[in-house]
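Input: a single structure, listed below in structure tokens.
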Amino acid sequence: GDEHHALRLTRSETIGLGRLVFALGTPAEIDEAARRLRARGIALVTEPGPLDQVGGGYGLRFHDLDGRLVELSADTWAVTARSRDASLPVGVTHAVLNTPDIDASVAFYRDVLGMRVSDWSEHQMAFLRCGTDHHCVAFNQAPWVSLNHVAYEMTSIDHFMRGLGRLRHHGITPEWGPGRHGPGNNTFSYFTDPTGLVCEYTTEVAQVVEDTWICKVWRRTPELSDLWGTAGPPSQRIRAHMTGTPDGSPVVAPVDAVTGPEGAAA
């Protein structure tokens, strides 16, 4: 897209989620967000103002209930948008976050950040939106706080499949997928990056019409996890990587004998 960046990689001794960033429309909205956060007793890590970072912008930062660093920003730099014709990601469409208290996390992002719950997957996952996409963030009930996965949007089904072909050309075999989820109706294919963090290629996420959308609770069954029936069950390896470790890092050791909790996979 035309945003300066959708992903930032930072050299570090630990592996995990550095921060989660949401765009607001104007600096005035950033200032209003700061007022509302303070009114709820939420301390700001960074006060509203110019962001001293590549990509610029005006924003603020704070911690959510699980201690994640959240940034709200506006007026970031723009770049010339790349063509959408290539079989390459065109942006980050959502992140799934593991939390030990899904109800508290959902309430915080709903009541404090103004997101709306699109659907539940029983009481194991909650899908929240901030626009027309079915979800931009989802929470998964888990033993500890960690990053479940980050999803990258492909332009179409054809781009999605060609992207998977490119991964195979580079020796990367998807560990769950391709398939199509029930909640969100999006296609999916999951794989891990070199650090063990889980990535997803996806497309055709459901679009919400506010006046007609009804939030529902989906059963957690194989036929609803994958409407196509093509993906099969997620491997123990991808479950373990999605679950991560208590310090927020992914599982980087051999995980052939590791079994993640049933709710670890989206």
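As shown in the structure tokens, the chain order sets the letters A, B, ...; within each chain, residues go from 1, and ligands are also counted from 1 in the order they appear.
Selecting strand (DSSP E) from the backbone DSSP output for region 34-89 of chain A yields Leu44, Val45, Thr46, Glu47, Pro48, Gly49, Pro50, Tyr58, Gly59, Leu60, Arg61, Phe62, His63, Leu69, Val70, Glu71, Leu72, Ser73 and Ala74 of chain A.
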Between region 62-112 of chain A and region 36-49 of chain A, at 12 Å or less, what are the per-residue closest atom pairs and their distances in Å? Count only C-alpha atoms, order by chain and rising residue number, and return it as JSON lines.
```
{"residue": "A:Phe62", "atom": "CA", "partner": "A:Leu44", "partner_atom": "CA", "distance": 4.7}
{"residue": "A:His63", "atom": "CA", "partner": "A:Val45", "partner_atom": "CA", "distance": 7.4}
{"residue": "A:Asp64", "atom": "CA", "partner": "A:Ile42", "partner_atom": "CA", "distance": 8.7}
{"residue": "A:Leu65", "atom": "CA", "partner": "A:Ile42", "partner_atom": "CA", "distance": 9.7}
{"residue": "A:Gly67", "atom": "CA", "partner": "A:Val45", "partner_atom": "CA", "distance": 11.4}
{"residue": "A:Arg68", "atom": "CA", "partner": "A:Val45", "partner_atom": "CA", "distance": 11.3}
{"residue": "A:Leu69", "atom": "CA", "partner": "A:Val45", "partner_atom": "CA", "distance": 8.5}
{"residue": "A:Val70", "atom": "CA", "partner": "A:Val45", "partner_atom": "CA", "distance": 9.4}
{"residue": "A:Glu71", "atom": "CA", "partner": "A:Thr46", "partner_atom": "CA", "distance": 8.8}
{"residue": "A:Leu72", "atom": "CA", "partner": "A:Pro48", "partner_atom": "CA", "distance": 9.2}
{"residue": "A:Ser73", "atom": "CA", "partner": "A:Pro48", "partner_atom": "CA", "distance": 9.1}
{"residue": "A:Ala74", "atom": "CA", "partner": "A:Gly49", "partner_atom": "CA", "distance": 10.2}
{"residue": "A:Asp75", "atom": "CA", "partner": "A:Gly49", "partner_atom": "CA", "distance": 11.1}
{"residue": "A:Phe108", "atom": "CA", "partner": "A:Arg40", "partner_atom": "CA", "distance": 10.6}
{"residue": "A:Tyr109", "atom": "CA", "partner": "A:Leu37", "partner_atom": "CA", "distance": 11.8}
{"residue": "A:Asp111", "atom": "CA", "partner": "A:Arg40", "partner_atom": "CA", "distance": 10.2}
{"residue": "A:Val112", "atom": "CA", "partner": "A:Leu37", "partner_atom": "CA", "distance": 7.2}
```
Go through region 64-153 of chain A residue by residue and, counting only C-alpha atoms, keep those with an atom at most 12 Å from region 241-252 of chain A; for each kept residue give the shortest atom pair and its distance in Å to one decimal, ordered by chain and increasing number, as JSON lines.
```
{"residue": "A:Asp66", "atom": "CA", "partner": "A:Gly248", "partner_atom": "CA", "distance": 11.0}
{"residue": "A:Gly67", "atom": "CA", "partner": "A:Gly248", "partner_atom": "CA", "distance": 10.9}
{"residue": "A:Arg68", "atom": "CA", "partner": "A:Gly248", "partner_atom": "CA", "distance": 10.3}
{"residue": "A:Ala95", "atom": "CA", "partner": "A:Met242", "partner_atom": "CA", "distance": 11.6}
{"residue": "A:Val96", "atom": "CA", "partner": "A:Met242", "partner_atom": "CA", "distance": 9.3}
{"residue": "A:Leu97", "atom": "CA", "partner": "A:Met242", "partner_atom": "CA", "distance": 9.3}
{"residue": "A:Asn98", "atom": "CA", "partner": "A:Thr243", "partner_atom": "CA", "distance": 7.3}
{"residue": "A:Thr99", "atom": "CA", "partner": "A:Thr243", "partner_atom": "CA", "distance": 10.1}
{"residue": "A:Pro100", "atom": "CA", "partner": "A:Pro246", "partner_atom": "CA", "distance": 10.8}
{"residue": "A:Asn140", "atom": "CA", "partner": "A:Thr243", "partner_atom": "CA", "distance": 9.4}
{"residue": "A:Gln141", "atom": "CA", "partner": "A:Thr243", "partner_atom": "CA", "distance": 9.9}
{"residue": "A:Ala142", "atom": "CA", "partner": "A:Thr243", "partner_atom": "CA", "distance": 7.2}
{"residue": "A:Pro143", "atom": "CA", "partner": "A:Pro246", "partner_atom": "CA", "distance": 7.9}
{"residue": "A:Trp144", "atom": "CA", "partner": "A:Pro246", "partner_atom": "CA", "distance": 5.5}
{"residue": "A:Val145", "atom": "CA", "partner": "A:Gly248", "partner_atom": "CA", "distance": 6.1}
{"residue": "A:Ser146", "atom": "CA", "partner": "A:Gly248", "partner_atom": "CA", "distance": 4.3}
{"residue": "A:Leu147", "atom": "CA", "partner": "A:Gly248", "partner_atom": "CA", "distance": 6.8}
{"residue": "A:Asn148", "atom": "CA", "partner": "A:Met242", "partner_atom": "CA", "distance": 4.4}
{"residue": "A:His149", "atom": "CA", "partner": "A:Met242", "partner_atom": "CA", "distance": 6.4}
{"residue": "A:Val150", "atom": "CA", "partner": "A:Met242", "partner_atom": "CA", "distance": 10.1}
```
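Minimum atom-to-atom distances from A:Trp77, A:Phe188, A:Trp228, A:Tyr201 to Tyr152 (chain A) were compared using only C-alpha atoms, and the lowest value belongs to A:Tyr201.
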